[in-house]
Each structure stands twice: as structure tokens, then as C-alpha cells.
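As stored in my_file-v8.pdb (PDB, C-alpha atoms):
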```
MODEL        1
ATOM      1  CA  GLU I  22      13.780  13.266   6.186
ATOM      2  CA  ALA I  23      12.221  11.333   9.072
ATOM      3  CA  THR I  24      13.884  10.447  12.334
ATOM      4  CA  THR I  25      12.604   8.914  15.537
ATOM      5  CA  PRO I  26      14.612  10.459  18.375
ATOM      6  CA  PRO I  27      14.514   8.947  21.883
ATOM      7  CA  LEU I  28      11.851   9.822  24.425
ATOM      8  CA  GLY I  29       8.842   9.230  22.225
ATOM      9  CA  ARG I  30       9.230  12.040  19.707
ATOM     10  CA  CYS I  31       8.731  11.790  15.967
ATOM     11  CA  VAL I  32      10.405  14.648  14.091
ATOM     12  CA  ILE I  33      10.172  15.192  10.346
ATOM     13  CA  THR I  34      12.140  18.078   8.863
ATOM     14  CA  ASP I  35      11.723  19.817   5.509
ATOM     15  CA  GLY I  36       9.164  17.416   4.087
ATOM     16  CA  ARG I  37       6.492  18.076   1.510
ATOM     17  CA  LEU I  38       2.986  17.341   2.755
ATOM     18  CA  SER I  39       2.945  14.299   0.453
ATOM     19  CA  HIS I  40       5.955  12.845   2.299
ATOM     20  CA  LEU I  41       4.367  13.553   5.681
ATOM     21  CA  ILE I  42       1.202  11.750   4.569
ATOM     22  CA  ALA I  43       3.197   8.791   3.225
ATOM     23  CA  ILE I  44       5.007   8.394   6.570
ATOM     24  CA  ALA I  45       1.962   8.930   8.781
ATOM     25  CA  TYR I  46      -0.311   6.534   6.899
ATOM     26  CA  ARG I  47       2.360   3.971   5.947
ATOM     27  CA  LEU I  48       1.897   4.425   2.218
ATOM     28  CA  GLY I  49       4.376   2.420   0.186
ATOM     29  CA  ALA I  50       4.834   5.154  -2.417
ATOM     30  CA  ILE I  51       3.963   8.793  -3.065
ATOM     31  CA  GLY I  52       2.232   7.567  -6.246
ATOM     32  CA  LEU I  53      -0.547   6.127  -4.077
ATOM     33  CA  ILE I  54      -1.683   9.671  -3.217
ATOM     34  CA  ASP I  55      -4.328  11.008  -5.609
ATOM     35  CA  GLY I  56      -6.313  14.217  -5.916
ATOM     36  CA  ALA I  57      -3.594  16.332  -4.301
ATOM     37  CA  PRO I  58      -3.050  20.028  -5.157
ATOM     38  CA  ASP I  59       0.305  20.759  -6.830
ATOM     39  CA  TRP I  60       1.841  22.233  -3.660
ATOM     40  CA  VAL I  61       1.205  18.971  -1.795
ATOM     41  CA  ILE I  62       3.068  16.706  -4.246
ATOM     42  CA  GLY I  63       5.682  19.037  -5.754
ATOM     43  CA  GLY I  64       6.759  22.615  -5.446
ATOM     44  CA  THR I  65       9.098  24.185  -2.936
ATOM     45  CA  GLU I  66       6.910  24.276   0.167
ATOM     46  CA  ARG I  67       8.406  22.152   2.949
ATOM     47  CA  PHE I  68       7.224  21.613   6.499
ATOM     48  CA  THR I  69       8.745  20.511   9.788
ATOM     49  CA  VAL I  70       6.510  18.706  12.255
ATOM     50  CA  GLN I  71       6.961  17.093  15.641
ATOM     51  CA  ALA I  72       4.789  14.563  17.431
ATOM     52  CA  LYS I  73       5.512  13.972  21.120
ATOM     53  CA  ALA I  74       4.029  11.330  23.391
ATOM     54  CA  GLU I  75       2.585  12.192  26.807
ATOM     55  CA  ASP I  76       4.501   9.257  28.258
ATOM     56  CA  PRO I  77       7.615   9.226  26.080
ATOM     57  CA  THR I  78       9.060   6.096  27.678
ATOM     58  CA  ARG I  79       6.117   3.964  26.530
ATOM     59  CA  ALA I  80       5.248   5.410  23.139
ATOM     60  CA  THR I  81       5.147   2.817  20.375
ATOM     61  CA  GLU I  82       5.796   3.581  16.736
ATOM     62  CA  GLU I  83       2.081   3.039  16.097
ATOM     63  CA  GLN I  84       1.146   5.662  18.711
ATOM     64  CA  LEU I  85       3.587   8.189  17.240
ATOM     65  CA  LEU I  86       2.167   7.659  13.758
ATOM     66  CA  GLN I  87      -1.339   8.090  15.162
ATOM     67  CA  MET I  88      -0.278  11.417  16.666
ATOM     68  CA  LEU I  89       1.253  12.439  13.353
ATOM     69  CA  GLN I  90      -2.007  11.606  11.570
ATOM     70  CA  THR I  91      -3.959  13.744  14.056
ATOM     71  CA  LEU I  92      -1.502  16.600  13.586
ATOM     72  CA  LEU I  93      -1.877  16.508   9.786
ATOM     73  CA  VAL I  94      -5.677  16.519  10.020
ATOM     74  CA  ASP I  95      -5.642  19.428  12.499
ATOM     75  CA  ARG I  96      -2.907  21.635  11.045
ATOM     76  CA  PHE I  97      -3.509  21.062   7.320
ATOM     77  CA  ASN I  98      -7.278  20.580   7.609
ATOM     78  CA  LEU I  99      -6.652  17.332   5.738
ATOM     79  CA  LYS I 100      -9.718  15.513   4.451
ATOM     80  CA  PHE I 101      -9.319  12.247   2.567
ATOM     81  CA  HIS I 102     -10.805   8.866   1.764
ATOM     82  CA  ARG I 103      -9.442   5.485   0.723
ATOM     83  CA  GLU I 104     -10.234   3.974  -2.645
ATOM     84  CA  ASP I 105      -9.372   0.480  -3.915
ATOM     85  CA  ARG I 106      -8.511   0.256  -7.607
ATOM     86  CA  GLU I 107      -7.584  -2.743  -9.728
ATOM     87  CA  MET I 108      -4.068  -2.383 -11.149
ATOM     88  CA  PRO I 109      -1.592  -4.674 -12.929
ATOM     89  CA  GLY I 110       0.494  -6.381 -10.266
ATOM     90  CA  TYR I 111       1.336  -9.783  -8.864
ATOM     91  CA  ALA I 112      -0.237 -12.475  -6.726
ATOM     92  CA  LEU I 113       2.086 -14.140  -4.222
ATOM     93  CA  VAL I 114       1.308 -17.867  -4.476
ATOM     94  CA  VAL I 115       2.853 -21.173  -3.402
ATOM     95  CA  ALA I 116       5.174 -22.691  -6.006
ATOM     96  CA  LYS I 117       4.570 -26.142  -7.495
ATOM     97  CA  ASN I 118       6.751 -28.050  -5.023
ATOM     98  CA  GLY I 119       5.307 -26.354  -1.942
ATOM     99  CA  PRO I 120       6.618 -23.727   0.478
ATOM    100  CA  LYS I 121      10.102 -23.815   2.018
ATOM    101  CA  LEU I 122       9.230 -21.923   5.177
ATOM    102  CA  GLN I 123       9.965 -22.478   8.859
ATOM    103  CA  GLU I 124       7.244 -21.552  11.330
ATOM    104  CA  ALA I 125       8.230 -18.693  13.615
ATOM    105  CA  SER I 126       9.939 -19.712  16.846
ATOM    106  CA  GLY I 127       9.835 -16.393  18.730
ATOM    107  CA  ASP I 128       7.334 -13.672  19.559
ATOM    108  CA  GLU I 129       9.195 -10.678  18.108
ATOM    109  CA  VAL I 130       8.316  -9.421  14.631
ATOM    110  CA  VAL I 131      11.440  -8.411  12.695
ATOM    111  CA  MET I 132      11.815  -7.210   9.094
ATOM    112  CA  SER I 133      15.456  -6.208   8.615
ATOM    113  CA  PHE I 134      17.735  -5.333   5.709
ATOM    114  CA  GLY I 135      20.881  -5.563   7.812
ATOM    115  CA  GLU I 136      22.688  -2.286   8.421
ATOM    116  CA  SER I 137      20.450  -0.216   6.142
ATOM    117  CA  LEU I 138      16.880   0.735   7.043
ATOM    118  CA  LYS I 139      15.700   0.054   3.502
ATOM    119  CA  PRO I 140      17.165  -1.515   0.343
ATOM    120  CA  VAL I 141      19.479   0.532  -1.861
ATOM    121  CA  PRO I 142      18.331   0.470  -5.530
ATOM    122  CA  GLY I 143      20.727  -1.477  -7.756
ATOM    123  CA  GLN I 144      22.437  -3.148  -4.792
ATOM    124  CA  PRO I 145      22.063  -6.762  -3.574
ATOM    125  CA  ILE I 146      19.182  -7.067  -1.100
ATOM    126  CA  SER I 147      19.058  -9.394   1.893
ATOM    127  CA  LEU I 148      15.900  -9.550   3.997
ATOM    128  CA  THR I 149      15.852 -11.221   7.406
ATOM    129  CA  ALA I 150      12.309 -11.850   8.633
ATOM    130  CA  ARG I 151      11.048 -13.124  11.969
ATOM    131  CA  LYS I 152       7.400 -13.926  12.653
ATOM    132  CA  CYS I 153       6.461 -12.657   9.207
ATOM    133  CA  SER I 154       3.036 -13.488   7.754
ATOM    134  CA  MET I 155       2.481 -13.789   4.024
ATOM    135  CA  PRO I 156       0.335 -10.598   3.882
ATOM    136  CA  MET I 157       3.237  -8.773   5.588
ATOM    137  CA  LEU I 158       5.683 -10.138   2.999
ATOM    138  CA  ALA I 159       3.393  -9.191   0.089
ATOM    139  CA  ASN I 160       3.007  -5.681   1.522
ATOM    140  CA  LEU I 161       6.754  -5.223   1.928
ATOM    141  CA  LEU I 162       7.521  -6.496  -1.583
ATOM    142  CA  SER I 163       4.835  -4.170  -2.957
ATOM    143  CA  GLN I 164       6.969  -1.281  -1.709
ATOM    144  CA  ILE I 165      10.356  -2.464  -2.985
ATOM    145  CA  GLY I 166       9.530  -4.958  -5.746
ATOM    146  CA  PRO I 167       8.360  -4.733  -9.359
ATOM    147  CA  GLY I 168       4.774  -3.710  -8.589
ATOM    148  CA  PRO I 169       1.819  -4.052  -6.205
ATOM    149  CA  MET I 170       1.313  -7.512  -4.737
ATOM    150  CA  THR I 171      -1.400  -9.352  -2.877
ATOM    151  CA  ASP I 172      -1.099 -12.512  -0.790
ATOM    152  CA  MET I 173      -2.875 -15.503  -2.344
ATOM    153  CA  THR I 174      -0.761 -18.244  -0.743
ATOM    154  CA  GLU I 175      -3.489 -19.273   1.754
ATOM    155  CA  LEU I 176      -0.651 -19.818   4.260
ATOM    156  CA  LYS I 177      -1.979 -18.731   7.657
ATOM    157  CA  SER I 178       1.092 -18.981   9.924
ATOM    158  CA  ALA I 179       3.957 -16.581  10.572
ATOM    159  CA  TYR I 180       7.455 -17.638   9.536
ATOM    160  CA  ASP I 181      11.182 -17.064  10.066
ATOM    161  CA  PHE I 182      13.225 -16.833   6.863
ATOM    162  CA  LYS I 183      15.938 -15.077   4.897
ATOM    163  CA  LEU I 184      15.464 -13.881   1.332
ATOM    164  CA  SER I 185      18.346 -12.564  -0.786
ATOM    165  CA  TRP I 186      18.243 -11.290  -4.349
ATOM    166  CA  ASP I 187      20.161  -9.059  -6.765
ATOM    167  CA  GLU I 188      18.408  -7.623  -9.798
ATOM    168  CA  THR I 189      21.781  -6.754 -11.398
ATOM    169  CA  SER I 190      23.789  -9.961 -10.979
ATOM    170  CA  GLY I 191      21.036 -12.412 -10.005
ATOM    171  CA  PRO I 192      19.127 -14.139  -8.703
ATOM    172  CA  SER I 193      16.135 -11.913  -9.435
ATOM    173  CA  LEU I 194      13.365 -11.535  -6.867
ATOM    174  CA  PHE I 195      11.207 -13.914  -8.936
ATOM    175  CA  THR I 196      13.912 -16.613  -8.886
ATOM    176  CA  ALA I 197      14.873 -16.029  -5.248
ATOM    177  CA  LEU I 198      11.277 -16.379  -4.023
ATOM    178  CA  GLN I 199      10.912 -19.708  -5.817
ATOM    179  CA  GLU I 200      14.302 -21.188  -4.923
ATOM    180  CA  GLN I 201      14.602 -19.907  -1.348
ATOM    181  CA  LEU I 202      10.996 -19.790  -0.078
ATOM    182  CA  GLY I 203       9.019 -22.019  -2.443
ATOM    183  CA  LEU I 204       6.837 -19.097  -3.499
ATOM    184  CA  ARG I 205       6.259 -17.404  -6.833
ATOM    185  CA  LEU I 206       4.748 -14.268  -8.330
ATOM    186  CA  GLU I 207       1.911 -14.546 -10.849
ATOM    187  CA  PRO I 208       1.087 -11.475 -12.953
ATOM    188  CA  ARG I 209      -2.521 -10.436 -12.436
ATOM    189  CA  LYS I 210      -4.674  -7.459 -11.530
ATOM    190  CA  VAL I 211      -4.663  -6.755  -7.809
ATOM    191  CA  PRO I 212      -6.547  -4.275  -5.587
ATOM    192  CA  VAL I 213      -4.420  -1.262  -4.660
ATOM    193  CA  SER I 214      -5.515   1.129  -1.899
ATOM    194  CA  PHE I 215      -5.180   4.793  -2.930
ATOM    195  CA  PHE I 216      -5.102   7.708  -0.481
ATOM    196  CA  VAL I 217      -7.404  10.255  -2.140
ATOM    197  CA  ILE I 218      -7.149  13.812  -0.838
ATOM    198  CA  ASP I 219     -10.498  15.624  -0.780
ATOM    199  CA  SER I 220      -9.011  18.872   0.539
ATOM    200  CA  ALA I 221      -5.931  20.253   2.271
ATOM    201  CA  GLN I 222      -4.908  23.746   3.341
ATOM    202  CA  ARG I 223      -1.570  25.355   4.096
ATOM    203  CA  PRO I 224      -1.161  25.754   7.878
ATOM    204  CA  THR I 225      -1.205  29.195   9.460
ATOM    205  CA  GLY I 226       0.895  30.171  12.465
ATOM    206  CA  ASN I 227       1.797  27.592  15.089
TER     207      ASN I 227
ENDMDL
END
```
Can I see the file as C-alpha cells?
Amino acid sequence: EATTPPLGRCVITDGRLSHLIAIAYRLGAIGLIDGAPDWVIGGTERFTVQAKAEDPTRATEEQLLQMLQTLLVDRFNLKFHREDREMPGYALVVAKNGPKLQEASGDEVVMSFGESLKPVPGQPISLTARKCSMPMLANLLSQIGPGPMTDMTELKSAYDFKLSWDETSGPSLFTALQEQLGLRLEPRKVPVSFFVIDSAQRPTGN
């Protein structure tokens, strides 16, 4: 469980090391971690960590994640590398009749699912996006959609839009993208970045 309390602190309680890594390095899924010892991915060993900013009033989410990354490297002696692998997925492309997108009007980047922080499986999903680029959209849909995606729209701007879909009652994500945004998903092999653990050790003491 991850929470971001006020005053620039990031606290994660009772998480496996795999979950801590996924949060710290913004991995879309635990399945993108490879080469991990059993105790990292499964098992009963859980850890609580805290990252605290020197100037808590000015700490950004990015700075807190950077501190969390440093903590994992120091405390777990974490060594890793990134590896791109081709996997079946989807290319996000412009549909035949062109995009239905409005260029962003403000400076704030927003990716919101309303009241919930992330979509609930099996429930209708409504995404409100502000100043969202197509690579950002492809990355988000990679985490909650049918598989990994890569942006091949060649659209360079950032956009404001709403996207709503419901895999149970319809429309599906495939239909919603085409009807609401003028985009579509083409099945193809796409590069997926894996987080490959070279070594990790259980922490000792504090």
C-alpha cells in the first residue's frame, strides 16, 4: 500500500520488494520485473519504507520517487539494468477519418479517473486528460488496457480530451478510441522495457 502524506514524505507499508520497485521506477506491472529471486516477487517478506524530502514544502512526486529509488539501491543493494524486448501488443495510430482531438488550452498536465485513483476492473472507465501527449496516452493504456502499446500516431501536440469505455457493457476501448478520439489500436509487436534485477539483498538493521 502506497500513500503520499503531506510535508513531502512518501510512505509505503508492508510491500514486497517487487511492489516497491514498481512504484519507485513507475513500472506499469509487476510482470515487467525479471530475474528476481523468489523472495522479491512472492513469499511473505514485506517491508515498510519512508522517503522524506529535505524541504518538504517543495518536494515534487518526481523527487520523492528519486529518493525512493536511492533508498532501494542503498538498503537492498539493488543492482539492475533495463532491457527492451519485442512482445505482442498494439500500435496507437490515427484512424482513417483523422483524429478528433482538441489541442491543450492550459499548462497543467492532468490524467484523472474521477474519484478513484485508478480504474476498477470490470467497471466503466472514464478518463479525463489535460495536456496529454500521445506517448503519455499509450503509456497509460499499456498499464490498464489489453496489452503493451506504443505511440505511432505521429501527432506531436498535447491535447485535452475525455475517453470513456466499458468492457462489460460497451463500448470497448477499441471502439471508444475510434469513435471518441479518432484513434485506433493495431495489433503488432512492440518494444517493452523490462526491469531486470542483477542482484538484491535483504536489508539488515536500520
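Selection check: the PyMOL selection byres ((chain I and resi 206) around 6) on the shown file gives Tyr111, Ala112, Leu113, Arg205 and Glu207 of chain I.
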Report as a PyMOL selection string the full result of the PyMOL selection byres ((chain I and resi 123) around 7) when it is applied to this structure.
chain I and resi 121-122+124-125+180-182
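Taken over the whole file, the PyMOL selection byres ((chain I and resi 53) around 10) covers exactly Ser39, Ala43, Leu48, Gly49, Ala50, Ile51, Gly52, Ile54, Asp55, Val213, Ser214, Phe215, Phe216 and Val217 of chain I.
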Can I get the selection written as a PDB file, keeping the file's coordinate frame, with C-alpha atoms?
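As written to disk, again-v1.pdb reads:
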```
ATOM      1  CA  SER I  39       2.945  14.299   0.453  1.00  0.00           C
ATOM      2  CA  ALA I  43       3.197   8.791   3.225  1.00  0.00           C
ATOM      3  CA  LEU I  48       1.897   4.425   2.218  1.00  0.00           C
ATOM      4  CA  GLY I  49       4.376   2.420   0.186  1.00  0.00           C
ATOM      5  CA  ALA I  50       4.834   5.154  -2.417  1.00  0.00           C
ATOM      6  CA  ILE I  51       3.963   8.793  -3.065  1.00  0.00           C
ATOM      7  CA  GLY I  52       2.232   7.567  -6.246  1.00  0.00           C
ATOM      8  CA  ILE I  54      -1.683   9.671  -3.217  1.00  0.00           C
ATOM      9  CA  ASP I  55      -4.328  11.008  -5.609  1.00  0.00           C
ATOM     10  CA  VAL I 213      -4.420  -1.262  -4.660  1.00  0.00           C
ATOM     11  CA  SER I 214      -5.515   1.129  -1.899  1.00  0.00           C
ATOM     12  CA  PHE I 215      -5.180   4.793  -2.930  1.00  0.00           C
ATOM     13  CA  PHE I 216      -5.102   7.708  -0.481  1.00  0.00           C
ATOM     14  CA  VAL I 217      -7.404  10.255  -2.140  1.00  0.00           C
TER      15      VAL I 217
END
```
I'd like the interatomic distance between atom CA of I:Phe68 and atom CA of I:Leu161, to a tenth of an Å.
27.2 Å
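The two atoms in question, atom CA of I:Ala116 and atom CA of I:Val141, are spaced 27.6 Å apart.
Taking atom CA of I:Ile33 and atom CA of I:Gln84 as the two end points, the separation is 15.6 Å.
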What's the 10 Å shell around stretch 95-108 of chain I, counting all atoms listed in the file, without same-chain residues fewer than 4 positions away, as a ChimeraX atom specification?
/I:38,42,54-57,70,89-91,168-170,209-227
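Considering the residues I:Gly143, I:Gly110, I:Gly203, I:Gly63 and counting only C-alpha atoms, I:Gln164 has its shortest atom-to-atom contact with I:Gly110.
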Leaving out stretch 127-137 of chain I and any residue of its chain fewer than 4 positions from it, which residues lie within 7 Å of it when counting all atoms listed in the file, given as a count of residues only?
7
Which is closer to I:Ala45 than all the others in I:Thr65, I:Asn118, I:Gln87, I:Ser190, using only C-alpha atoms?
I:Gln87
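The residue that comes closest to I:Trp60, out of I:Leu194, I:Ile44, I:Arg37, I:Thr189 and on the basis of all atoms listed in the file, is I:Arg37.
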Using only C-alpha atoms, pick whichever of I:Tyr46, I:Pro120, I:Pro142, I:Thr81 has the shortest atom-to-atom distance to I:Leu176.
I:Pro120
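Comparing the minimum interatomic distances between I:Glu175 and each of I:Ile146, I:Leu204, I:Val115, I:Leu93, counting all atoms listed in the file, we find that I:Val115 sits nearest.
Minimum atom-to-atom distances from I:Pro156, I:Leu92, I:Lys183, I:Pro58 to I:Leu41 were compared using only C-alpha atoms, and the lowest value belongs to I:Leu92.
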